[in-house]
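So this one's model-v2.txt, compact mmCIF, C-alpha atoms:
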```txt
# COMPACT_ATOMS: atom_id res chain seq x y z
CA MET A 1413 100.73 89.08 93.20
CA SER A 1414 99.60 90.54 96.49
CA ASP A 1415 96.05 91.76 96.88
CA HIS A 1416 97.07 95.43 96.99
CA GLY A 1417 98.19 95.63 93.38
CA ALA A 1418 101.98 95.51 93.74
CA VAL A 1419 103.80 93.70 90.97
CA ALA A 1420 104.89 90.24 92.04
CA PRO A 1421 108.70 89.97 91.80
CA ALA A 1422 110.08 87.39 89.40
CA HIS A 1423 113.50 85.94 88.64
CA ALA A 1424 115.60 88.91 89.72
CA ALA A 1425 114.45 88.68 93.32
CA ALA A 1426 114.32 84.90 93.45
CA GLY A 1427 116.72 84.67 96.38
CA VAL A 1428 114.71 86.93 98.68
CA THR A 1429 111.72 84.70 99.18
CA ALA A 1430 109.28 84.20 102.03
CA THR A 1431 111.43 81.30 103.25
CA SER A 1432 115.09 82.17 102.74
CA ARG A 1433 118.33 82.67 104.63
CA GLY A 1434 120.59 85.64 104.07
CA ILE A 1435 123.85 86.97 105.45
CA TRP A 1436 124.10 90.60 106.55
CA THR A 1437 127.34 92.40 105.77
CA SER A 1438 128.91 95.63 106.98
CA THR A 1439 131.94 95.78 104.72
CA GLY A 1440 132.91 97.32 101.43
CA ASP A 1441 135.50 94.60 100.70
CA VAL A 1442 134.36 93.28 97.34
CA ASP A 1443 136.49 90.13 97.46
CA LEU A 1444 135.06 89.15 100.84
CA LEU A 1445 131.53 89.92 99.66
CA ARG A 1446 131.96 87.67 96.63
CA ARG A 1447 133.22 84.82 98.79
CA LEU A 1448 130.32 85.21 101.19
CA GLY A 1449 127.92 85.44 98.27
CA ALA A 1450 129.15 82.08 97.00
CA SER A 1451 128.98 80.35 100.39
CA GLY A 1452 125.44 79.02 100.13
CA PHE A 1453 123.19 81.75 101.50
CA ASP A 1454 120.10 82.61 99.48
CA TRP A 1455 120.97 86.31 99.48
CA LEU A 1456 123.54 88.76 100.76
CA ALA A 1457 122.64 92.13 102.26
CA VAL A 1458 124.97 95.12 101.93
CA ASP A 1459 124.45 97.69 104.67
CA ALA A 1460 124.76 101.26 103.42
CA GLN A 1461 123.10 102.67 106.54
CA HIS A 1462 125.52 101.43 109.19
CA GLY A 1463 128.32 100.10 107.00
CA PRO A 1464 131.12 101.85 105.02
CA VAL A 1465 129.29 101.64 101.70
CA ASP A 1466 129.23 104.87 99.71
CA ARG A 1467 128.20 105.35 96.09
CA VAL A 1468 131.68 104.48 94.78
CA THR A 1469 131.72 101.25 96.79
CA LEU A 1470 128.18 100.46 95.67
CA HIS A 1471 129.32 100.77 92.05
CA ALA A 1472 132.19 98.31 92.69
CA ILE A 1473 129.88 95.84 94.43
CA GLY A 1474 127.39 95.98 91.59
CA ARG A 1475 130.14 95.31 89.08
CA ALA A 1476 131.43 92.37 91.12
CA PHE A 1477 127.95 90.82 91.29
CA ASP A 1478 127.04 91.57 87.67
CA ARG A 1479 127.02 87.90 86.65
CA PRO A 1480 124.37 85.42 87.81
CA GLY A 1481 124.88 84.22 91.36
CA THR A 1482 123.70 85.05 94.83
CA PRO A 1483 121.28 87.98 94.76
CA PHE A 1484 122.45 90.99 96.71
CA VAL A 1485 120.22 93.33 98.67
CA VAL A 1486 121.06 96.87 99.75
CA ARG A 1487 119.86 98.51 102.93
CA VAL A 1488 119.91 102.12 101.84
CA PRO A 1489 120.76 104.88 104.35
CA ALA A 1490 117.24 106.33 104.59
CA VAL A 1491 114.00 106.95 102.73
CA ASP A 1492 116.04 108.51 99.95
CA PRO A 1493 114.87 108.13 96.33
CA ALA A 1494 118.36 108.82 94.96
CA TRP A 1495 119.90 106.05 97.05
CA ILE A 1496 117.06 103.63 96.35
CA GLY A 1497 117.48 104.21 92.63
CA ALA A 1498 121.27 103.89 92.81
CA ALA A 1499 121.07 100.57 94.69
CA LEU A 1500 118.77 99.15 92.04
CA ASP A 1501 120.87 100.67 89.25
CA ALA A 1502 123.83 98.76 90.70
CA GLY A 1503 121.93 95.50 90.28
CA ALA A 1504 120.44 94.94 93.73
CA THR A 1505 117.46 92.60 93.59
CA ALA A 1506 115.84 94.33 96.56
CA VAL A 1507 116.16 97.41 98.71
CA VAL A 1508 115.57 97.41 102.45
CA VAL A 1509 114.46 100.89 103.45
CA PRO A 1510 115.08 102.02 107.06
CA SER A 1511 113.80 104.92 109.15
CA VAL A 1512 110.26 104.50 107.85
CA ALA A 1513 107.99 106.53 110.12
CA GLY A 1514 104.70 105.44 108.59
CA VAL A 1515 102.68 105.05 105.42
CA ALA A 1516 103.88 108.30 103.82
CA ASP A 1517 107.47 107.06 103.91
CA ALA A 1518 106.38 103.65 102.62
CA VAL A 1519 104.70 105.32 99.64
CA ALA A 1520 107.84 107.36 98.90
CA ALA A 1521 110.07 104.27 99.11
CA ALA A 1522 107.81 102.18 96.88
CA ARG A 1523 107.54 104.85 94.20
CA ALA A 1524 111.33 105.34 94.19
CA ALA A 1525 111.81 101.62 93.50
CA ARG A 1526 109.84 101.41 90.25
CA TYR A 1527 109.80 103.16 86.90
CA PRO A 1528 106.73 105.03 85.62
CA PRO A 1529 103.84 104.45 85.47
CA LEU A 1530 104.18 102.46 88.71
CA GLY A 1531 106.63 104.85 90.32
CA GLU A 1532 109.16 107.61 89.83
CA ARG A 1533 112.48 105.79 89.47
CA SER A 1534 114.89 107.45 87.05
CA TRP A 1535 116.53 105.41 84.27
CA GLY A 1536 120.28 104.87 84.74
CA PRO A 1537 121.46 101.24 85.19
CA PHE A 1538 125.16 100.97 86.04
CA SER A 1539 125.74 97.89 83.87
CA THR A 1540 125.97 100.04 80.74
CA LEU A 1541 128.99 101.81 82.29
CA TRP A 1542 131.05 98.62 82.53
CA ALA A 1543 129.61 96.75 79.50
CA GLY A 1544 128.09 94.21 81.84
CA ALA A 1545 124.91 92.21 81.60
CA ARG A 1546 122.25 93.90 79.53
CA ALA A 1547 119.89 95.97 81.66
CA PRO A 1548 116.26 94.83 81.62
CA ASP A 1549 113.65 97.08 80.08
CA PRO A 1550 111.62 99.18 82.53
CA GLN A 1551 108.64 96.83 82.56
CA THR A 1552 110.81 93.78 83.27
CA ALA A 1553 112.73 95.72 85.92
CA ASN A 1554 109.49 96.69 87.65
CA VAL A 1555 108.52 93.02 87.87
CA GLY A 1556 111.93 91.92 89.11
CA VAL A 1557 112.49 94.32 92.01
CA ARG A 1558 111.46 94.10 95.65
CA CYS A 1559 110.96 97.04 97.97
CA LEU A 1560 111.04 96.01 101.63
CA VAL A 1561 110.19 98.71 104.16
CA MET A 1562 111.52 98.37 107.66
CA VAL A 1563 109.29 98.21 110.71
CA GLU A 1564 111.56 99.60 113.40
CA THR A 1565 109.76 102.72 114.62
CA SER A 1566 106.64 103.18 116.70
CA GLY A 1567 105.03 105.05 113.80
CA ALA A 1568 105.68 102.20 111.37
CA LEU A 1569 104.24 99.69 113.82
CA GLU A 1570 101.17 101.86 114.35
CA GLU A 1571 100.57 102.14 110.59
CA VAL A 1572 101.75 98.66 109.64
CA ASP A 1573 98.46 97.68 107.99
CA ALA A 1574 98.42 100.80 105.82
CA MET A 1575 102.06 100.19 104.90
CA ALA A 1576 101.34 96.57 103.97
CA VAL A 1577 98.58 97.62 101.57
CA THR A 1578 100.69 100.33 99.91
CA PRO A 1579 101.12 99.63 96.17
CA GLY A 1580 104.73 98.73 95.44
CA VAL A 1581 105.59 97.63 98.97
CA ASP A 1582 106.59 93.99 98.52
CA GLY A 1583 107.48 93.22 102.11
CA LEU A 1584 107.83 94.33 105.70
CA PHE A 1585 111.27 93.90 107.24
CA VAL A 1586 111.60 93.97 111.02
CA GLY A 1587 114.58 95.68 112.61
CA PRO A 1588 114.35 94.21 116.13
CA PHE A 1589 117.08 96.34 117.71
CA ASP A 1590 115.63 99.71 116.70
CA LEU A 1591 112.06 98.49 117.20
CA ALA A 1592 112.92 97.46 120.75
CA LEU A 1593 114.49 100.88 121.37
CA ALA A 1594 111.45 102.65 119.95
CA LEU A 1595 109.10 100.65 122.16
CA GLY A 1596 111.19 101.13 125.30
CA THR A 1597 111.96 97.45 125.67
CA THR A 1598 114.78 95.01 124.90
CA VAL A 1599 115.37 92.70 121.97
CA GLU A 1600 115.07 89.77 124.37
CA SER A 1601 111.66 90.93 125.56
CA LEU A 1602 110.50 91.75 122.04
CA LEU A 1603 111.36 88.26 120.79
CA ALA A 1604 109.84 86.61 123.86
CA ASP A 1605 106.53 88.50 123.71
CA ARG A 1606 103.78 86.13 122.53
CA GLY A 1607 100.89 87.96 124.17
CA PRO A 1608 97.81 89.23 122.32
CA GLY A 1609 98.69 92.06 119.96
CA ASN A 1610 102.45 91.59 120.41
CA PRO A 1611 104.54 93.73 118.02
CA LEU A 1612 106.03 90.93 115.92
CA GLY A 1613 102.66 89.25 115.64
CA ARG A 1614 101.12 92.49 114.37
CA VAL A 1615 103.72 92.74 111.61
CA VAL A 1616 103.33 89.09 110.59
CA GLU A 1617 99.55 89.33 110.50
CA ALA A 1618 99.61 92.54 108.44
CA ALA A 1619 101.89 90.90 105.86
CA ARG A 1620 99.74 87.76 105.79
CA ARG A 1621 96.50 89.68 105.37
CA HIS A 1622 97.80 91.57 102.37
CA GLY A 1623 99.82 88.77 100.78
CA ILE A 1624 103.28 90.30 101.03
CA LEU A 1625 106.60 89.03 102.34
CA VAL A 1626 107.74 89.49 105.94
CA GLY A 1627 111.41 89.35 106.87
CA ALA A 1628 113.73 90.38 109.66
CA PHE A 1629 117.30 90.84 110.78
CA ALA A 1630 118.18 88.04 113.19
CA GLY A 1631 121.97 88.27 113.36
CA THR A 1632 122.35 84.98 115.19
CA PRO A 1633 120.97 81.45 114.65
CA ASP A 1634 119.27 81.62 118.05
CA ASN A 1635 117.44 84.83 117.19
CA ALA A 1636 116.55 83.32 113.82
CA ARG A 1637 114.87 80.36 115.52
CA ARG A 1638 112.90 82.71 117.76
CA LEU A 1639 111.79 84.86 114.85
CA ARG A 1640 110.68 81.77 112.94
CA ALA A 1641 108.51 80.87 115.92
CA HIS A 1642 106.69 84.16 115.28
CA GLY A 1643 106.15 83.20 111.64
CA ILE A 1644 109.04 85.11 110.05
CA HIS A 1645 111.03 82.91 107.68
CA CYS A 1646 112.90 85.37 105.46
CA LEU A 1647 115.84 86.09 107.73
CA ALA A 1648 119.33 87.51 107.84
CA VAL A 1649 120.52 84.66 110.01
CA THR A 1650 124.08 85.87 110.61
CA THR A 1651 126.59 88.60 109.78
CA ASP A 1652 129.94 88.78 108.07
CA VAL A 1653 131.57 89.70 111.39
CA ALA A 1654 130.06 86.67 113.15
CA VAL A 1655 131.06 84.28 110.36
CA VAL A 1656 134.67 85.46 110.40
CA ALA A 1657 134.86 85.29 114.20
CA GLU A 1658 133.29 81.82 114.30
CA GLY A 1659 135.61 80.60 111.58
CA CYS A 1660 138.66 81.79 113.52
CA ARG A 1661 137.40 80.11 116.70
CA ALA A 1662 136.77 76.85 114.83
CA VAL A 1663 140.27 76.79 113.34
CA LEU A 1664 141.95 77.55 116.67
CA HIS A 1665 139.86 74.91 118.42
CA ALA A 1666 140.61 72.29 115.75
CA GLU A 1667 144.32 73.05 115.83
CA GLY A 1668 144.29 72.62 119.60
CA ALA A 1669 147.72 74.03 120.45
```
Same coordinates, now as structure tokens:
Amino acid sequence: MSDHGAVAPAHAAAGVTATSRGIWTSTGDVDLLRRLGASGFDWLAVDAQHGPVDRVTLHAIGRAFDRPGTPFVVRVPAVDPAWIGAALDAGATAVVVPSVAGVADAVAAARAARYPPLGERSWGPFSTLWAGARAPDPQTANVGVRCLVMVETSGALEEVDAMAVTPGVDGLFVGPFDLALALGTTVESLLADRGPGNPLGRVVEAARRHGILVGAFAGTPDNARRLRAHGIHCLAVTTDVAVVAEGCRAVLHAEGA
């Protein structure tokens, strides 16, 4: 348990740990997602902000991942309680919440992720619709979920300590591309900055002070290594697009015609 009173996640979020490797996906192809989910990553992230994942697709993904296996995470489109609830209803072990402008948004996201009395999530697990795995009771569900708020705006960076101490916020998740845009710099410069008070260091220290997880989107193994050097070890180390492209290159190179 963190020192700010959030419930420590248990078995349901086991894949999304402080030291874990995930794959980020931008597809609604359930068959591909299941193959990627079985390929050895600790968790798989489904992108409903920048990917073609609507509520119908989310329902299909949840049904496909209803049996024990690789945990799936959903990046919801915004600080939207309805979407946060739907992602968790579908069986996601964690939500990654983007467009967080500061502590007020962090509070809203955290409360949307848990049932009363810890939050305001509405009861409605999808598994009952397809006679899937039995839904956990509200208390067990509250223990098993993770709410990760993104640090990708100047406001979130400014209020990162207050966000980290917000009850129900289980982790800070860095979006380096949008954070670099917000700060008027480049991803390269952001990752290279090791000076006093550097942005990534501020996020890592806030998470460490308050005993919560810190993660980030890397996208490439090289970026993952650089983020680890900052102390971030829960990483989306690659993407579905990169894996498919690299696999094609490897086959063509091996065939050698």
Let me make sure I understand: among A:Ala1520, A:Val1581, A:Leu1602, A:Ala1648, which one has the smallest atom-to-atom distance to Val1485 of chain A if we use only C-alpha atoms? A:Ala1648
Please list as a PyMOL selection string every residue within 10 Å of Val1512 of chain A, counting all atoms listed in the file and excluding residues in the same chain fewer than 3 positions away. chain A and resi 1490-1491+1509+1515-1521+1561-1569+1575
Within 10 Å of segment 1623-1638 of chain A: each segment 1430-1511 of chain A residue with its shortest pair, all atoms listed in the file, as CSV:
```
residue,atom,partner,partner_atom,distance
A:Ala1430,CA,A:Leu1625,CA,5.5
A:Thr1431,CA,A:Gly1627,CA,8.8
A:Ser1432,CA,A:Gly1627,CA,9.1
A:Arg1433,CA,A:Ala1636,CA,9.4
A:Gly1434,CA,A:Phe1629,CA,9.1
A:Ile1435,CA,A:Gly1631,CA,8.2
A:Trp1436,CA,A:Gly1631,CA,7.5
```
Nearest to Val1428 of chain A, chosen from A:Asp1582, A:Asp1454, A:Asp1652, A:Asp1501, with only C-alpha atoms counted in the distances: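 Smallest distance to Val1428 of chain A is found for A:Asp1454.
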Calculated over all atoms listed in the file, which of the candidates A:Arg1546, A:Leu1560, A:Arg1614, A:Gly1463 has the smallest distance to Asp1478 of chain A?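 Using all atoms listed in the file, the shortest distance to Asp1478 of chain A belongs to A:Arg1546.
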Between atom CA of Thr1437 of chain A and atom CA of Ser1534 of chain A, what is the distance, to one decimal in Å?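 Between atom CA of Thr1437 of chain A and atom CA of Ser1534 of chain A the gap works out to 27.1 Å.
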Kindly indicate which residue among A:Ala1547, A:Ala1594, A:Ala1457, A:Ala1472 lies nearest to Leu1647 of chain A, using all atoms listed in the file for the distances.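 Residue with the minimum atom-to-atom distance to Leu1647 of chain A: A:Ala1457.
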Starting from 3 Å padding per side, set up an axis-aligned box that covers all listed atoms of segment 1605-1617 of chain A and hand over centre and edge lengths in Å, one decimal, as AutoDock Vina command-line options.
```
--center_x 102.2 --center_y 89.9 --center_z 117.3 --size_x 14.7 --size_y 13.6 --size_z 19.7
```
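Across A:Val1653, A:Val1508, A:Ala1604, A:Val1599, the tightest approach to Ala1460 of chain A is made by A:Val1508 when counting all atoms listed in the file.
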When you count all atoms listed in the file, which of these residues is closest to Val1572 of chain A: A:Arg1621, A:Arg1661, A:His1645, A:Arg1467?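 Of all the options, A:Arg1621 lies closest to Val1572 of chain A.
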What is the atom CA of Leu1456 of chain A-atom CA of Ala1513 of chain A distance in Å, reported with one decimal?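 Pair atom CA of Leu1456 of chain A / atom CA of Ala1513 of chain A returns 25.4 Å.
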Interatomic distance, atom CA of Gln1551 of chain A to atom CA of Gly1583 of chain A (Å, one decimal):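 Interatomic distance, atom CA of Gln1551 of chain A to atom CA of Gly1583 of chain A: 19.9 Å.
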N, CA and C atoms restored at segment 1472-1485 of chain A, emitted as a PDB file, keeping the file's coordinate frame:
```pdb
ATOM      1  N   ALA A1472     131.260  99.444  92.755  1.00  0.00           N
ATOM      2  CA  ALA A1472     132.190  98.310  92.690  1.00  0.00           C
ATOM      3  C   ALA A1472     131.499  97.004  93.053  1.00  0.00           C
ATOM      4  N   ILE A1473     130.613  97.053  94.033  1.00  0.00           N
ATOM      5  CA  ILE A1473     129.880  95.840  94.430  1.00  0.00           C
ATOM      6  C   ILE A1473     128.964  95.386  93.296  1.00  0.00           C
ATOM      7  N   GLY A1474     128.256  96.330  92.697  1.00  0.00           N
ATOM      8  CA  GLY A1474     127.390  95.980  91.590  1.00  0.00           C
ATOM      9  C   GLY A1474     128.154  95.339  90.443  1.00  0.00           C
ATOM     10  N   ARG A1475     129.321  95.875  90.155  1.00  0.00           N
ATOM     11  CA  ARG A1475     130.140  95.310  89.080  1.00  0.00           C
ATOM     12  C   ARG A1475     130.596  93.899  89.426  1.00  0.00           C
ATOM     13  N   ALA A1476     130.966  93.684  90.687  1.00  0.00           N
ATOM     14  CA  ALA A1476     131.430  92.370  91.120  1.00  0.00           C
ATOM     15  C   ALA A1476     130.331  91.317  91.077  1.00  0.00           C
ATOM     16  N   PHE A1477     129.079  91.746  91.269  1.00  0.00           N
ATOM     17  CA  PHE A1477     127.950  90.820  91.290  1.00  0.00           C
ATOM     18  C   PHE A1477     127.152  90.867  89.981  1.00  0.00           C
ATOM     19  N   ASP A1478     127.775  91.358  88.915  1.00  0.00           N
ATOM     20  CA  ASP A1478     127.040  91.570  87.670  1.00  0.00           C
ATOM     21  C   ASP A1478     126.647  90.265  86.985  1.00  0.00           C
ATOM     22  N   ARG A1479     127.351  89.192  87.252  1.00  0.00           N
ATOM     23  CA  ARG A1479     127.020  87.900  86.650  1.00  0.00           C
ATOM     24  C   ARG A1479     126.062  87.138  87.552  1.00  0.00           C
ATOM     25  N   PRO A1480     125.325  86.183  86.996  1.00  0.00           N
ATOM     26  CA  PRO A1480     124.370  85.420  87.810  1.00  0.00           C
ATOM     27  C   PRO A1480     125.030  84.774  89.021  1.00  0.00           C
ATOM     28  N   GLY A1481     124.348  84.767  90.118  1.00  0.00           N
ATOM     29  CA  GLY A1481     124.880  84.220  91.360  1.00  0.00           C
ATOM     30  C   GLY A1481     123.950  84.560  92.498  1.00  0.00           C
ATOM     31  N   THR A1482     124.516  84.703  93.683  1.00  0.00           N
ATOM     32  CA  THR A1482     123.700  85.050  94.830  1.00  0.00           C
ATOM     33  C   THR A1482     123.144  86.456  94.701  1.00  0.00           C
ATOM     34  N   PRO A1483     121.835  86.631  94.831  1.00  0.00           N
ATOM     35  CA  PRO A1483     121.280  87.980  94.760  1.00  0.00           C
ATOM     36  C   PRO A1483     121.806  88.841  95.903  1.00  0.00           C
ATOM     37  N   PHE A1484     122.078  90.103  95.611  1.00  0.00           N
ATOM     38  CA  PHE A1484     122.450  90.990  96.710  1.00  0.00           C
ATOM     39  C   PHE A1484     121.376  92.041  96.919  1.00  0.00           C
ATOM     40  N   VAL A1485     121.225  92.395  98.193  1.00  0.00           N
ATOM     41  CA  VAL A1485     120.220  93.330  98.670  1.00  0.00           C
ATOM     42  C   VAL A1485     120.973  94.515  99.261  1.00  0.00           C
TER      43      VAL A1485
END
```
